[in-house]
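Shown here: work_10.txt, compact mmCIF, C-alpha atoms.
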```
# COMPACT_ATOMS: atom_id res chain seq x y z
CA MET A 957 84.81 128.34 104.14
CA ARG A 958 81.49 126.63 104.89
CA GLN A 959 80.09 124.37 107.58
CA ASP A 960 78.85 120.80 107.47
CA LYS A 961 75.72 119.40 109.16
CA LEU A 962 77.62 119.13 112.45
CA ASN A 963 78.68 122.79 112.22
CA ARG A 964 82.27 121.81 111.55
CA GLU A 965 84.31 124.08 109.32
CA LEU A 966 84.93 122.86 105.75
CA PHE A 967 86.65 124.33 102.72
CA ASP A 968 84.35 125.55 99.94
CA LEU A 969 82.69 123.05 97.64
CA LYS A 970 84.45 123.41 94.29
CA ALA A 971 82.85 120.62 92.26
CA SER A 972 80.36 117.81 92.60
CA SER A 973 81.76 114.29 92.63
CA ASP A 974 79.92 113.65 89.33
CA VAL A 975 81.66 116.50 87.54
CA PHE A 976 85.01 115.67 89.13
CA ALA A 977 84.78 112.01 88.04
CA GLN A 978 83.76 112.98 84.52
CA GLU A 979 86.61 115.45 84.14
CA LEU A 980 89.12 112.99 85.61
CA ASP A 981 87.98 110.37 83.10
CA ASN A 982 88.43 112.94 80.32
CA ALA A 983 91.93 113.89 81.43
CA CYS A 984 93.30 110.43 82.26
CA ASN A 985 92.54 106.97 80.93
CA TRP A 986 93.89 104.93 83.86
CA VAL A 987 92.91 105.69 87.44
CA GLY A 988 94.13 103.93 90.57
CA CYS A 989 93.43 104.54 94.22
CA VAL A 990 94.13 103.69 97.80
CA PRO A 991 90.75 104.87 99.06
CA ASP A 992 90.20 107.90 101.26
CA THR A 993 86.89 109.29 102.59
CA ILE A 994 87.25 112.40 100.45
CA PHE A 995 87.05 110.29 97.28
CA LYS A 996 84.27 107.95 98.30
CA GLN A 997 81.60 109.60 96.11
CA VAL A 998 84.01 109.97 93.17
CA LEU A 999 85.15 106.35 92.84
CA PRO A 1000 81.79 104.76 91.91
CA LYS A 1001 81.27 107.45 89.26
CA LEU A 1002 84.49 106.74 87.38
CA LYS A 1003 84.40 104.54 84.27
CA SER A 1004 86.78 102.18 86.04
CA TRP A 1005 89.49 102.31 88.68
CA HIS A 1006 92.13 100.03 90.20
CA LEU A 1007 92.54 99.35 93.89
CA ALA A 1008 96.06 98.99 95.31
CA PRO A 1009 96.97 97.61 98.74
CA ARG A 1010 99.58 100.32 99.44
CA GLU A 1011 100.44 103.66 97.87
CA ASN A 1012 103.90 102.55 96.76
CA HIS A 1013 102.37 99.65 94.81
CA LEU A 1014 99.77 102.04 93.39
CA ILE A 1015 102.62 104.13 91.96
CA GLY A 1016 104.17 100.95 90.51
CA MET A 1017 100.88 99.95 88.88
CA ALA A 1018 100.40 103.46 87.50
CA PHE A 1019 103.93 103.40 86.08
CA GLY A 1020 103.25 100.04 84.41
CA ALA A 1021 100.02 101.38 82.94
CA GLY A 1022 101.95 104.42 81.69
CA LEU A 1023 104.52 102.17 79.99
CA ALA A 1024 101.60 100.35 78.41
CA GLY A 1025 100.38 103.58 76.83
CA LYS A 1026 97.96 105.09 79.36
CA ARG A 1027 97.79 108.52 80.99
CA PRO A 1028 97.70 107.53 84.66
CA ALA A 1029 96.18 109.26 87.66
CA VAL A 1030 96.26 108.16 91.29
CA LEU A 1031 94.07 109.23 94.20
CA ILE A 1032 95.70 109.04 97.63
CA GLN A 1033 95.49 110.46 101.12
CA ASN A 1034 98.41 112.72 102.09
CA SER A 1035 99.66 110.10 104.58
CA GLY A 1036 100.26 107.81 101.57
CA LEU A 1037 103.09 110.11 100.51
CA GLY A 1038 105.06 108.58 103.36
CA LEU A 1039 104.85 105.23 101.62
CA CYS A 1040 105.21 106.24 98.00
CA LEU A 1041 107.85 108.95 97.75
CA ASP A 1042 110.66 106.55 96.86
CA ALA A 1043 108.49 104.86 94.24
CA LEU A 1044 107.74 108.26 92.71
CA PHE A 1045 111.42 109.17 92.58
CA GLY A 1046 112.55 105.73 91.42
CA MET A 1047 110.04 105.45 88.61
CA PHE A 1048 108.13 108.54 87.40
CA CYS A 1049 110.86 111.07 88.23
CA LEU A 1050 113.83 108.93 87.19
CA TYR A 1051 112.33 107.91 83.83
CA ASN A 1052 110.58 111.27 83.17
CA GLN A 1053 107.03 110.00 82.92
CA GLY A 1054 103.83 111.94 83.57
CA LEU A 1055 101.53 111.29 86.51
CA LEU A 1056 98.54 113.15 87.90
CA MET A 1057 98.59 112.57 91.65
CA ILE A 1058 95.42 113.69 93.42
CA VAL A 1059 96.17 114.14 97.11
CA SER A 1060 93.58 114.65 99.85
CA ASN A 1061 95.16 117.05 102.31
CA ARG A 1062 93.82 115.63 105.58
CA GLY A 1063 94.55 117.11 108.99
CA VAL A 1064 94.47 120.78 108.02
CA LEU A 1065 91.23 121.66 109.84
CA GLU A 1066 91.28 121.93 113.62
CA TRP A 1067 88.46 119.44 114.19
CA GLU A 1068 90.05 116.66 112.12
CA GLU A 1069 91.17 113.58 114.02
CA ILE A 1070 94.50 113.78 115.78
CA GLN A 1071 96.08 111.02 113.68
CA HIS A 1072 95.82 113.26 110.59
CA GLN A 1073 97.22 116.42 112.16
CA ASP A 1074 100.93 115.75 111.65
CA TRP A 1075 100.35 115.11 107.96
CA GLY A 1076 98.23 118.24 107.67
CA LYS A 1077 101.18 120.26 108.94
CA CYS A 1078 103.87 118.80 106.68
CA THR A 1079 102.29 117.71 103.38
CA GLU A 1080 102.93 120.87 101.39
CA SER A 1081 106.47 121.29 102.75
CA LEU A 1082 107.22 117.68 101.90
CA LEU A 1083 106.01 118.06 98.31
CA LEU A 1084 107.85 121.34 98.00
CA ALA A 1085 111.07 119.75 99.26
CA SER A 1086 110.51 116.87 96.83
CA LYS A 1087 110.21 119.36 93.97
CA ILE A 1088 106.80 118.02 93.03
CA LYS A 1089 104.63 120.69 91.44
CA MET A 1090 101.38 121.41 93.32
CA ILE A 1091 98.13 122.81 91.98
CA TYR A 1092 95.39 123.74 94.47
CA PHE A 1093 91.89 122.54 93.69
CA ASP A 1094 90.60 124.87 96.41
CA GLU A 1095 91.79 127.82 94.33
CA GLU A 1096 91.23 126.64 90.76
CA GLY A 1097 88.48 124.01 90.94
CA ILE A 1098 87.94 121.87 87.83
CA GLU A 1099 90.22 124.11 85.78
CA GLY A 1100 92.98 123.13 88.19
CA LEU A 1101 92.37 119.46 87.48
CA LYS A 1102 92.59 120.10 83.75
CA ARG A 1103 95.72 122.22 84.16
CA ALA A 1104 97.41 119.64 86.39
CA ALA A 1105 96.76 116.83 83.91
CA LYS A 1106 97.97 118.93 80.98
CA MET A 1107 101.15 119.83 82.83
CA ALA A 1108 101.80 116.23 83.88
CA PHE A 1109 101.50 114.72 80.43
CA GLU A 1110 102.91 117.55 78.32
CA ASN A 1111 105.98 117.97 80.53
CA ASN A 1112 106.30 114.32 81.60
CA GLN A 1113 106.36 115.11 85.29
CA VAL A 1114 104.53 114.29 88.50
CA VAL A 1115 101.95 116.95 89.36
CA ALA A 1116 100.02 116.91 92.65
CA LEU A 1117 96.47 118.24 92.70
CA MET A 1118 95.84 119.20 96.31
CA MET A 1119 92.30 118.61 97.57
CA GLN A 1120 91.03 120.16 100.80
CA ARG A 1121 88.30 118.67 102.95
CA GLY A 1122 85.01 120.08 101.66
CA ASN A 1123 86.18 120.73 98.08
CA LEU A 1124 84.10 117.71 96.97
CA ASP A 1125 80.80 116.36 98.25
CA GLU A 1126 81.52 113.40 100.51
CA MET B 1135 122.72 75.85 90.90
CA ASN B 1136 122.71 78.22 87.97
CA LYS B 1137 124.15 81.69 87.83
CA ARG B 1138 121.82 84.67 87.59
CA ILE B 1139 122.75 85.42 84.01
CA GLU B 1140 122.20 81.82 82.89
CA ILE B 1141 118.68 81.87 84.33
CA ILE B 1142 117.91 85.23 82.70
CA ASP B 1143 119.16 83.87 79.37
CA GLU B 1144 116.85 80.88 79.65
CA LEU B 1145 113.83 82.98 80.62
CA LEU B 1146 114.34 85.27 77.63
CA LYS B 1147 114.53 82.22 75.35
CA ASN B 1148 111.46 80.61 76.95
CA HIS B 1149 109.34 83.74 76.42
CA PRO B 1150 110.48 85.01 73.02
CA ASP B 1151 107.56 87.40 72.46
CA ALA B 1152 107.11 88.71 75.99
CA PHE B 1153 107.75 92.14 77.46
CA PHE B 1154 110.17 91.78 80.40
CA ILE B 1155 110.49 93.87 83.55
CA PHE B 1156 113.64 93.32 85.63
CA SER B 1157 114.07 94.46 89.23
CA ASN B 1158 116.76 96.92 90.26
CA GLY B 1159 120.19 95.82 91.42
CA LEU B 1160 122.13 92.92 89.99
CA THR B 1161 119.12 91.53 88.09
CA SER B 1162 118.77 94.61 85.88
CA ARG B 1163 122.49 95.20 85.81
CA GLU B 1164 123.42 91.78 84.44
CA ALA B 1165 120.36 91.52 82.18
CA SER B 1166 120.97 94.91 80.58
CA TYR B 1167 124.67 94.21 79.99
CA PHE B 1168 124.61 90.59 78.80
CA HIS B 1169 121.21 90.52 77.12
CA PRO B 1170 120.23 94.06 76.08
CA GLU B 1171 116.88 93.90 74.30
CA ASP B 1172 114.29 96.54 73.41
CA ARG B 1173 111.54 94.38 74.92
CA CYS B 1174 113.08 94.71 78.37
CA PHE B 1175 112.51 97.39 80.97
CA TYR B 1176 115.31 97.66 83.52
CA LEU B 1177 114.51 99.18 86.91
CA LEU B 1178 117.39 101.14 88.41
CA HIS B 1179 115.56 101.92 91.65
CA GLY B 1180 112.06 101.34 93.04
CA MET B 1181 112.97 98.17 94.93
CA GLY B 1182 109.88 96.10 95.71
CA GLU B 1183 107.83 97.55 92.86
CA THR B 1184 108.73 95.23 89.97
CA LEU B 1185 105.59 93.11 90.29
CA SER B 1186 103.26 96.09 90.71
CA ILE B 1187 104.66 97.59 87.48
CA GLY B 1188 104.07 94.25 85.75
CA ILE B 1189 100.51 94.12 87.06
CA GLY B 1190 99.75 97.66 85.87
CA PHE B 1191 101.21 96.86 82.45
CA ALA B 1192 99.64 93.42 82.03
CA LYS B 1193 96.14 94.54 83.01
CA THR B 1194 96.37 97.47 80.62
CA GLN B 1195 97.60 95.31 77.72
CA PRO B 1196 95.92 91.91 78.22
CA ASN B 1197 97.10 90.66 74.81
CA ILE B 1198 100.79 91.15 75.59
CA GLU B 1199 102.64 88.46 77.51
CA VAL B 1200 104.46 90.07 80.42
CA VAL B 1201 107.33 88.53 82.41
CA VAL B 1202 108.47 89.97 85.73
CA VAL B 1203 111.88 88.89 87.00
CA GLU B 1204 113.08 90.04 90.39
CA GLY B 1205 115.47 89.10 93.13
CA ASP B 1206 114.18 87.56 96.35
CA GLY B 1207 115.05 90.65 98.42
CA SER B 1208 112.97 92.85 96.14
CA ALA B 1209 110.14 90.29 96.09
CA LEU B 1210 109.97 90.23 99.89
CA MET B 1211 109.78 93.99 99.92
CA GLY B 1212 106.81 93.92 97.56
CA LEU B 1213 104.73 91.21 99.21
CA ALA B 1214 101.58 93.35 99.45
CA SER B 1215 101.42 93.44 95.65
CA TRP B 1216 100.88 89.66 95.68
CA SER B 1217 97.30 90.42 96.73
CA LEU B 1218 96.66 91.61 93.15
CA MET B 1219 97.76 88.34 91.57
CA PRO B 1220 97.22 86.22 89.56
CA VAL B 1221 97.01 88.14 86.31
CA LYS B 1222 96.38 85.92 83.31
CA ASN B 1223 99.05 87.29 80.95
CA LEU B 1224 101.75 87.80 83.60
CA HIS B 1225 104.51 85.32 84.52
CA TYR B 1226 106.34 85.96 87.77
CA TYR B 1227 109.85 84.63 88.46
CA ILE B 1228 111.82 85.21 91.65
CA LEU B 1229 115.55 84.64 91.44
CA ALA B 1230 116.40 83.34 94.88
CA ASN B 1231 119.83 83.16 96.47
CA GLY B 1232 118.61 83.89 99.99
CA VAL B 1233 120.65 87.04 100.53
CA HIS B 1234 120.76 90.76 99.81
CA GLU B 1235 123.77 90.28 97.59
CA THR B 1236 124.44 93.87 96.49
CA THR B 1237 124.64 95.19 100.02
CA GLY B 1238 126.95 92.56 101.43
CA GLY B 1239 125.13 89.22 101.53
CA GLN B 1240 122.79 89.75 104.47
CA LYS B 1241 120.57 86.70 104.95
CA LEU B 1242 116.91 87.06 103.97
CA PRO B 1243 113.88 85.68 105.79
CA SER B 1244 111.87 82.95 104.04
CA PHE B 1245 108.75 83.60 102.02
CA PRO B 1246 105.66 83.07 104.22
CA PHE B 1247 104.02 81.06 101.43
CA ILE B 1248 104.59 80.34 97.75
CA PRO B 1249 101.50 80.68 95.53
CA ASP B 1250 101.17 78.52 92.42
CA TRP B 1251 101.46 81.57 90.12
CA CYS B 1252 104.91 82.35 91.49
CA SER B 1253 108.02 80.55 90.19
CA ILE B 1254 110.98 80.56 92.55
CA VAL B 1255 114.21 79.84 90.67
CA GLU B 1256 117.09 79.04 92.96
CA MET B 1257 120.40 80.54 91.91
CA SER B 1258 123.93 80.61 93.21
CA ILE B 1259 125.42 83.52 95.11
CA GLY B 1260 127.85 85.52 92.98
CA GLN B 1261 127.84 88.16 90.29
CA GLU B 1262 129.33 88.90 86.91
CA GLY B 1263 131.44 91.99 86.49
CA THR B 1264 129.39 94.63 84.73
CA PRO B 1265 129.81 98.32 83.97
CA ASN B 1266 127.23 100.87 85.07
CA PRO B 1267 123.78 100.08 83.71
CA PRO B 1268 122.29 102.18 80.90
CA THR B 1269 120.85 105.57 81.82
CA PRO B 1270 117.09 105.94 82.42
CA VAL B 1271 116.82 107.92 79.17
CA GLU B 1272 118.53 105.14 77.23
CA ILE B 1273 116.38 102.47 78.87
CA MET B 1274 113.17 104.32 78.01
CA LYS B 1275 114.35 105.03 74.47
CA ARG B 1276 115.06 101.37 73.74
CA CYS B 1277 111.91 100.23 75.43
CA GLN B 1278 109.73 102.71 73.56
CA ARG B 1279 110.99 101.25 70.26
CA TRP B 1280 109.45 97.89 71.18
CA LEU B 1281 106.34 99.37 72.79
CA THR B 1282 105.58 101.54 69.76
CA LYS B 1283 105.62 98.49 67.51
CA ASN B 1284 103.66 96.24 69.80
CA ILE B 1285 100.97 98.42 71.41
```
Translate the structure described by the file into structure tokens.
Amino acid sequence: MRQDKLNRELFDLKASSDVFAQELDNACNWVGCVPDTIFKQVLPKLKSWHLAPRENHLIGMAFGAGLAGKRPAVLIQNSGLGLCLDALFGMFCLYNQGLLMIVSNRGVLEWEEIQHQDWGKCTESLLLASKIKMIYFDEEGIEGLKRAAKMAFENNQVVALMMQRGNLDE
Amino acid sequence: MNKRIEIIDELLKNHPDAFFIFSNGLTSREASYFHPEDRCFYLLHGMGETLSIGIGFAKTQPNIEVVVVEGDGSALMGLASWSLMPVKNLHYYILANGVHETTGGQKLPSFPFIPDWCSIVEMSIGQEGTPNPPTPVEIMKRCQRWLTKNI
């Protein structure tokens, strides 16, 4: 763990936003997002990305891009899982298509705002119950991103890359 | 007013080279049974996401004409995706009978507005008898035949 300028606890920095964006562009050729603070330095460094108004529509767009021949990735906050789980089941899981889902795991650290705390407590259990494979960026860093993408597109499944606050420069 | 299947038949004829995406429920069910075509993707679930799939596809393949056909209940559920329209190579048709027909005919609210890129096609209430729709594997298999040739 490390501390930010305000002496708040953060998870270790695992990659710069430049490296993360470059590796994401290498692994996937379609990226969509409902923005979250954790990704704010990554987005402008990507070759291109698509904004969606809600996470469920982001999953729909990613599925359409996948049908059209792309390897899709989405970046979402963990709270977005509450909106997009049915879309994941009804499209990517039902039709056995690959998706790299990069999830910022907000609300895990004690100082994080109260509105994130419930999601911090239940995100991993929810993904586990949903039988969605998780890979932890905090443990594996960039190699985890590469492994998650490989697993998603070789096995045609949804793989969640879990990002902790502090793992990227914000 | 026309029946659902008559409207679907006409849309397929009017867009002979397009890739079609049909919403879940009776739209996909009747389309897949009466007009099975490799250029059609039939949603079995994911209500409210038909247009967002079409947008993702159409923006990725700007040279392919894409047609999205969905029921009015599904369209209302997906209203936020309207913020991403229009998309040049995407045609959007809503089959409107004013009710959630599959679940017992519950009346739907009206659309708050109708943009010029959205075609509302009024249809009668009622359905054709159909067997279970194709499996997801079968749908993808057929669809991939067309996609492989055209992408």
Subject >> Length of the CA of Gly1038 in chain A to CA of Asn1061 in chain A vector [Å] >> reply: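 Between CA of Gly1038 in chain A and CA of Asn1061 in chain A the gap is 13.1 Å.
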Could you list the residues in chain A lying within 10 Å of chain B, using only C-alpha atoms, and format the result as a PDB file with C-alpha atoms, in the frame of the given file?
```
ATOM      1  CA  TRP A 986      93.890 104.930  83.860  1.00  0.00           C
ATOM      2  CA  GLY A 988      94.130 103.930  90.570  1.00  0.00           C
ATOM      3  CA  HIS A1006      92.130 100.030  90.200  1.00  0.00           C
ATOM      4  CA  LEU A1007      92.540  99.350  93.890  1.00  0.00           C
ATOM      5  CA  ALA A1008      96.060  98.990  95.310  1.00  0.00           C
ATOM      6  CA  PRO A1009      96.970  97.610  98.740  1.00  0.00           C
ATOM      7  CA  ARG A1010      99.580 100.320  99.440  1.00  0.00           C
ATOM      8  CA  ASN A1012     103.900 102.550  96.760  1.00  0.00           C
ATOM      9  CA  HIS A1013     102.370  99.650  94.810  1.00  0.00           C
ATOM     10  CA  LEU A1014      99.770 102.040  93.390  1.00  0.00           C
ATOM     11  CA  ILE A1015     102.620 104.130  91.960  1.00  0.00           C
ATOM     12  CA  GLY A1016     104.170 100.950  90.510  1.00  0.00           C
ATOM     13  CA  MET A1017     100.880  99.950  88.880  1.00  0.00           C
ATOM     14  CA  ALA A1018     100.400 103.460  87.500  1.00  0.00           C
ATOM     15  CA  PHE A1019     103.930 103.400  86.080  1.00  0.00           C
ATOM     16  CA  GLY A1020     103.250 100.040  84.410  1.00  0.00           C
ATOM     17  CA  ALA A1021     100.020 101.380  82.940  1.00  0.00           C
ATOM     18  CA  GLY A1022     101.950 104.420  81.690  1.00  0.00           C
ATOM     19  CA  LEU A1023     104.520 102.170  79.990  1.00  0.00           C
ATOM     20  CA  ALA A1024     101.600 100.350  78.410  1.00  0.00           C
ATOM     21  CA  GLY A1025     100.380 103.580  76.830  1.00  0.00           C
ATOM     22  CA  LYS A1026      97.960 105.090  79.360  1.00  0.00           C
ATOM     23  CA  CYS A1040     105.210 106.240  98.000  1.00  0.00           C
ATOM     24  CA  LEU A1041     107.850 108.950  97.750  1.00  0.00           C
ATOM     25  CA  ASP A1042     110.660 106.550  96.860  1.00  0.00           C
ATOM     26  CA  ALA A1043     108.490 104.860  94.240  1.00  0.00           C
ATOM     27  CA  LEU A1044     107.740 108.260  92.710  1.00  0.00           C
ATOM     28  CA  PHE A1045     111.420 109.170  92.580  1.00  0.00           C
ATOM     29  CA  GLY A1046     112.550 105.730  91.420  1.00  0.00           C
ATOM     30  CA  MET A1047     110.040 105.450  88.610  1.00  0.00           C
ATOM     31  CA  PHE A1048     108.130 108.540  87.400  1.00  0.00           C
ATOM     32  CA  CYS A1049     110.860 111.070  88.230  1.00  0.00           C
ATOM     33  CA  LEU A1050     113.830 108.930  87.190  1.00  0.00           C
ATOM     34  CA  TYR A1051     112.330 107.910  83.830  1.00  0.00           C
ATOM     35  CA  ASN A1052     110.580 111.270  83.170  1.00  0.00           C
ATOM     36  CA  GLN A1053     107.030 110.000  82.920  1.00  0.00           C
TER      37      GLN A1053
END
```
Original post:
Closest to Pro1267 in chain B among B:Tyr1167, B:Phe1245, B:Phe1154, B:Trp1280, using all atoms listed in the file?
Top reply: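 Of B:Tyr1167, B:Phe1245, B:Phe1154, B:Trp1280, the one nearest Pro1267 in chain B, counting all atoms listed in the file, is B:Tyr1167.
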Original post:
Separation of CA of Arg1062 in chain A and CA of Met1090 in chain A, in Å?
Top reply: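 We find that CA of Arg1062 in chain A and CA of Met1090 in chain A lie 15.5 Å from each other.
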**OP:** Could you jot down the CA of Lys1089 in chain A to CA of Ala1029 in chain A separation for me, Å, one decimal place?
**Re:** 14.7 Å
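Residue nearest Val1203 in chain B, chosen from B:Leu1145, B:Phe1168, B:Met1219, B:Gln1240 and counting all atoms listed in the file: B:Leu1145.
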Subject >> Polymer residues at most 7 Å from (86.8, 123.5, 107.4) by only C-alpha atoms, as a count of residues only >> reply: 10
Original post:
Between A:Met1057, A:Asp981, A:Val1115, A:Asn1034, which is the closest to Gln1071 in chain A once you count only C-alpha atoms?
Top reply: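 Of A:Met1057, A:Asp981, A:Val1115, A:Asn1034, the one nearest Gln1071 in chain A, counting only C-alpha atoms, is A:Asn1034.
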**OP:** Tell me which of B:Ser1157, B:Asn1266, B:Thr1237, B:Ser1166 sits closest to Asp1206 in chain B, counting only C-alpha atoms.
**Re:** B:Ser1157
Subject >> Distance query range 1094-1099 of chain A at most 7 Å, all atoms listed in the file, self and fewer than 3 positions along chain excluded, as number ranges by chain >> reply: A: 970-971, 976, 1102-1103, 1119-1120, 1123
**OP:** Excluding Glu1164 in chain B and any residue of its chain fewer than 3 positions from it, enumerate the residues within 10 Å of it, using only C-alpha atoms, and give them as a PyMOL selection string.
**Re:** chain B and resi 1138-1139+1142+1156+1159-1161+1167-1170+1261-1267
Original post:
Looking at all atoms listed in the file, which of A:Trp1067, A:Asn982, A:Leu1084, A:Asn1111 is the one that sits closest to Asn963 in chain A?
Top reply: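 Closest to Asn963 in chain A of all the choices is A:Trp1067.
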Subject >> Of the listed residues B:Ile1248, B:Ser1258, B:Glu1171, B:Asn1197, that which approaches Asn1231 in chain B most closely, counting only C-alpha atoms >> reply: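 Looking only at the distances to Asn1231 in chain B, the closest residue turns out to be B:Ser1258.
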Subject >> Sel. within 10 Å of pt (92.5, 109.6, 82.2), counting only C-alpha atoms, output as a PyMOL selection string >> reply: chain A and resi 977-987+1002-1003+1026-1030+1056+1105
